[in-house]
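Coordinates from query_17.pdb are shown below (PDB, C-alpha atoms, pLDDT in the B column).
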ATOM      1  CA  MET M   1       0.000   0.000   0.000  1.00 59.00           C
ATOM      2  CA  LYS M   2       1.273   3.435  -0.928  1.00 77.00           C
ATOM      3  CA  LYS M   3       1.838   5.852   1.916  1.00 84.00           C
ATOM      4  CA  PRO M   4       0.188   9.285   1.835  1.00 90.00           C
ATOM      5  CA  TYR M   5       1.845  12.421   0.496  1.00 92.00           C
ATOM      6  CA  TYR M   6       1.782  15.477   2.743  1.00 94.00           C
ATOM      7  CA  VAL M   7       1.858  19.096   1.674  1.00 95.00           C
ATOM      8  CA  ILE M   8       2.567  21.675   4.359  1.00 96.00           C
ATOM      9  CA  VAL M   9       2.128  25.325   3.478  1.00 96.00           C
ATOM     10  CA  SER M  10       3.107  27.924   6.064  1.00 97.00           C
ATOM     11  CA  PHE M  11       2.543  31.658   6.307  1.00 97.00           C
ATOM     12  CA  GLU M  12       3.966  34.389   8.506  1.00 97.00           C
ATOM     13  CA  ILE M  13       1.435  37.191   8.551  1.00 97.00           C
ATOM     14  CA  ASP M  14       0.296  40.350  10.281  1.00 97.00           C
ATOM     15  CA  PRO M  15      -2.355  39.242  12.812  1.00 97.00           C
ATOM     16  CA  LYS M  16      -4.738  41.742  11.200  1.00 98.00           C
ATOM     17  CA  GLN M  17      -4.666  39.527   8.083  1.00 97.00           C
ATOM     18  CA  PHE M  18      -5.456  36.343  10.000  1.00 98.00           C
ATOM     19  CA  SER M  19      -9.214  36.147   9.393  1.00 97.00           C
ATOM     20  CA  ASN M  20      -8.864  37.006   5.720  1.00 98.00           C
ATOM     21  CA  LEU M  21      -6.233  34.315   5.124  1.00 98.00           C
ATOM     22  CA  ILE M  22      -8.200  31.668   7.035  1.00 98.00           C
ATOM     23  CA  GLU M  23     -11.334  32.406   5.003  1.00 98.00           C
ATOM     24  CA  LEU M  24      -9.383  32.206   1.728  1.00 97.00           C
ATOM     25  CA  ILE M  25      -7.838  28.854   2.662  1.00 97.00           C
ATOM     26  CA  LYS M  26     -11.207  27.436   3.775  1.00 97.00           C
ATOM     27  CA  SER M  27     -12.906  28.679   0.622  1.00 97.00           C
ATOM     28  CA  PHE M  28     -10.151  27.230  -1.579  1.00 97.00           C
ATOM     29  CA  PHE M  29     -10.429  23.802   0.000  1.00 96.00           C
ATOM     30  CA  GLU M  30     -14.237  23.773   0.089  1.00 96.00           C
ATOM     31  CA  LYS M  31     -14.745  25.017  -3.481  1.00 96.00           C
ATOM     32  CA  GLU M  32     -11.745  23.732  -5.409  1.00 95.00           C
ATOM     33  CA  VAL M  33      -9.662  21.160  -3.571  1.00 96.00           C
ATOM     34  CA  SER M  34     -12.168  18.890  -1.833  1.00 94.00           C
ATOM     35  CA  THR M  35     -13.451  17.392  -5.097  1.00 94.00           C
ATOM     36  CA  CYS M  36     -10.022  16.775  -6.653  1.00 96.00           C
ATOM     37  CA  PRO M  37      -9.020  13.140  -7.168  1.00 96.00           C
ATOM     38  CA  GLY M  38      -6.471  12.068  -4.584  1.00 96.00           C
ATOM     39  CA  PHE M  39      -7.267  14.712  -1.955  1.00 97.00           C
ATOM     40  CA  ILE M  40      -7.726  13.155   1.499  1.00 96.00           C
ATOM     41  CA  SER M  41      -7.880  15.930   4.088  1.00 96.00           C
ATOM     42  CA  SER M  42      -6.639  19.303   5.283  1.00 96.00           C
ATOM     43  CA  ARG M  43      -6.059  20.980   8.613  1.00 97.00           C
ATOM     44  CA  ILE M  44      -5.453  24.643   9.324  1.00 97.00           C
ATOM     45  CA  LEU M  45      -3.214  25.353  12.319  1.00 97.00           C
ATOM     46  CA  SER M  46      -2.183  28.645  13.884  1.00 97.00           C
ATOM     47  CA  ASN M  47      -0.264  29.914  16.858  1.00 97.00           C
ATOM     48  CA  GLU M  48      -1.873  31.899  19.688  1.00 97.00           C
ATOM     49  CA  ASP M  49      -0.583  35.208  18.317  1.00 98.00           C
ATOM     50  CA  GLN M  50      -2.276  34.511  14.973  1.00 97.00           C
ATOM     51  CA  ASN M  51       0.847  35.576  13.082  1.00 97.00           C
ATOM     52  CA  LYS M  52       1.653  32.072  11.817  1.00 97.00           C
ATOM     53  CA  VAL M  53      -0.699  29.838   9.875  1.00 97.00           C
ATOM     54  CA  VAL M  54       0.018  26.340   8.615  1.00 97.00           C
ATOM     55  CA  ASN M  55      -2.118  24.351   6.207  1.00 96.00           C
ATOM     56  CA  TYR M  56      -1.447  20.627   6.436  1.00 94.00           C
ATOM     57  CA  ALA M  57      -2.954  18.664   3.542  1.00 96.00           C
ATOM     58  CA  THR M  58      -2.870  14.938   2.880  1.00 95.00           C
ATOM     59  CA  TRP M  59      -2.956  13.463  -0.630  1.00 96.00           C
ATOM     60  CA  GLU M  60      -3.048   9.882  -1.884  1.00 94.00           C
ATOM     61  CA  SER M  61       0.134  10.383  -3.906  1.00 93.00           C
ATOM     62  CA  LYS M  62       2.662  12.892  -5.174  1.00 92.00           C
ATOM     63  CA  GLU M  63       1.330  12.402  -8.700  1.00 94.00           C
ATOM     64  CA  LYS M  64      -2.244  13.304  -7.731  1.00 95.00           C
ATOM     65  CA  PHE M  65      -1.053  16.363  -5.831  1.00 95.00           C
ATOM     66  CA  GLU M  66       1.101  17.525  -8.755  1.00 94.00           C
ATOM     67  CA  LYS M  67      -1.800  17.098 -11.162  1.00 96.00           C
ATOM     68  CA  PHE M  68      -3.947  19.242  -8.849  1.00 95.00           C
ATOM     69  CA  ALA M  69      -1.158  21.829  -8.467  1.00 94.00           C
ATOM     70  CA  ASN M  70      -0.666  22.124 -12.239  1.00 95.00           C
ATOM     71  CA  GLU M  71      -4.308  22.026 -13.306  1.00 93.00           C
ATOM     72  CA  VAL M  72      -6.230  23.667 -10.465  1.00 92.00           C
ATOM     73  CA  ALA M  73      -3.979  25.624  -8.119  1.00 92.00           C
ATOM     74  CA  ALA M  74      -1.989  27.225 -10.940  1.00 91.00           C
ATOM     75  CA  THR M  75      -5.105  28.835 -12.427  1.00 92.00           C
ATOM     76  CA  SER M  76      -7.360  29.361  -9.413  1.00 94.00           C
ATOM     77  CA  LYS M  77      -8.356  32.918  -8.529  1.00 96.00           C
ATOM     78  CA  ILE M  78      -8.481  31.991  -4.834  1.00 96.00           C
ATOM     79  CA  SER M  79      -5.050  30.353  -5.053  1.00 95.00           C
ATOM     80  CA  LEU M  80      -3.622  33.541  -6.549  1.00 95.00           C
ATOM     81  CA  GLU M  81      -5.086  35.555  -3.664  1.00 97.00           C
ATOM     82  CA  ILE M  82      -3.519  33.145  -1.180  1.00 97.00           C
ATOM     83  CA  ALA M  83      -0.166  33.497  -2.997  1.00 95.00           C
ATOM     84  CA  GLU M  84      -0.136  37.186  -2.031  1.00 96.00           C
ATOM     85  CA  PHE M  85       0.524  36.040   1.559  1.00 96.00           C
ATOM     86  CA  ASN M  86       3.894  34.561   0.442  1.00 96.00           C
ATOM     87  CA  PRO M  87       3.368  30.928   1.384  1.00 96.00           C
ATOM     88  CA  ILE M  88       6.235  28.518   1.898  1.00 95.00           C
ATOM     89  CA  ARG M  89       5.420  25.024   0.630  1.00 93.00           C
ATOM     90  CA  GLU M  90       7.129  21.837   1.748  1.00 92.00           C
ATOM     91  CA  THR M  91       6.224  18.278   0.836  1.00 86.00           C
ATOM     92  CA  PHE M  92       6.770  15.062   2.731  1.00 83.00           C
ATOM     93  CA  TYR M  93       6.244  11.336   2.486  1.00 80.00           C
ATOM     94  CA  GLU M  94       5.135   9.431   5.538  1.00 74.00           C
ATOM     95  CA  TYR M  95       8.117   7.616   6.998  1.00 75.00           C
ATOM     96  CA  GLU M  96       6.526   5.908   9.950  1.00 75.00           C
ATOM     97  CA  TYR M  97       3.297   6.174  11.911  1.00 76.00           C
ATOM     98  CA  LEU M  98       3.612   6.069  15.689  1.00 77.00           C
ATOM     99  CA  ALA M  99       0.363   5.306  17.485  1.00 82.00           C
ATOM    100  CA  LYS M 100      -0.455   6.159  21.073  1.00 86.00           C
ATOM    101  CA  SER M 101       0.432   3.397  23.520  1.00 84.00           C
ATOM    102  CA  GLU M 102      -2.423   1.873  25.465  1.00 79.00           C
TER     103      GLU M 102
END
Kindly return the structure encoded in the file as structure tokens.
Amino acid sequence: MKKPYYVIVSFEIDPKQFSNLIELIKSFFEKEVSTCPGFISSRILSNEDQNKVVNYATWESKEKFEKFANEVAATSKISLEIAEFNPIRETFYEYEYLAKSE
């Protein structure tokens, strides 16, 4: 079985921009990402100061993510608005899953 592919996008922002960025990310995932083949899930994380935001998305494979990135994200109006926040994207493969001990 293939292990998931993770895409982590982080932002350092002015806290005044926090709500706007969160709404853009949510809208992007609800309207454009959630129906893409290979998309599994997404989480939005932030620190208490609301000056750092991280979007953590899980995909079935690198290939499905790259197809989405080239065909949807590259042309999306919402994606272009999000790009104005200067995101930093990193990608990862799952190495090992460590479950909670009982």
Report task. Given the file shown, enumerate the residues that the PyMOL selection byres ((chain M and resi 8-13) around 7) captures and present them as a PyMOL selection string. Result -> chain M and resi 6-7+14-15+17+51-57+85-91
Query - Length of the atom CA of M:Ala73 to atom CA of M:Asn20 vector [Å] - result: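 According to the coordinates, atom CA of M:Ala73 and atom CA of M:Asn20 are separated by 18.6 Å.
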Query raised in the report: Using only C-alpha atoms, which of M:Gly38, M:Leu45, M:Ala74, M:Lys100 sits nearest M:Ile25?
Result: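 The closest residue to M:Ile25 is M:Leu45.
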Query - atom CA of M:Lys67 to atom CA of M:Lys3, straight-line distance in Å - result: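 Distance between the two atoms: 17.6 Å.
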Query - Separation of atom CA of M:Glu32 from atom CA of M:Ser79 in Å - result: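 Between atom CA of M:Ser79 and atom CA of M:Glu32 the gap is 9.4 Å.
Of the listed residues M:Lys64, M:Pro4, M:Ser19, M:Leu24, the one whose atoms come nearest to M:Leu80 is M:Leu24, with distances taken using all atoms listed in the file.
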Requested in this report: Give the answer as one residue: which of M:Ile22, M:Glu96, M:Cys36, M:Lys16 has the shortest atom-to-atom distance to M:Glu66, using only C-alpha atoms?
Outcome: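 Residue with the minimum atom-to-atom distance to M:Glu66: M:Cys36.
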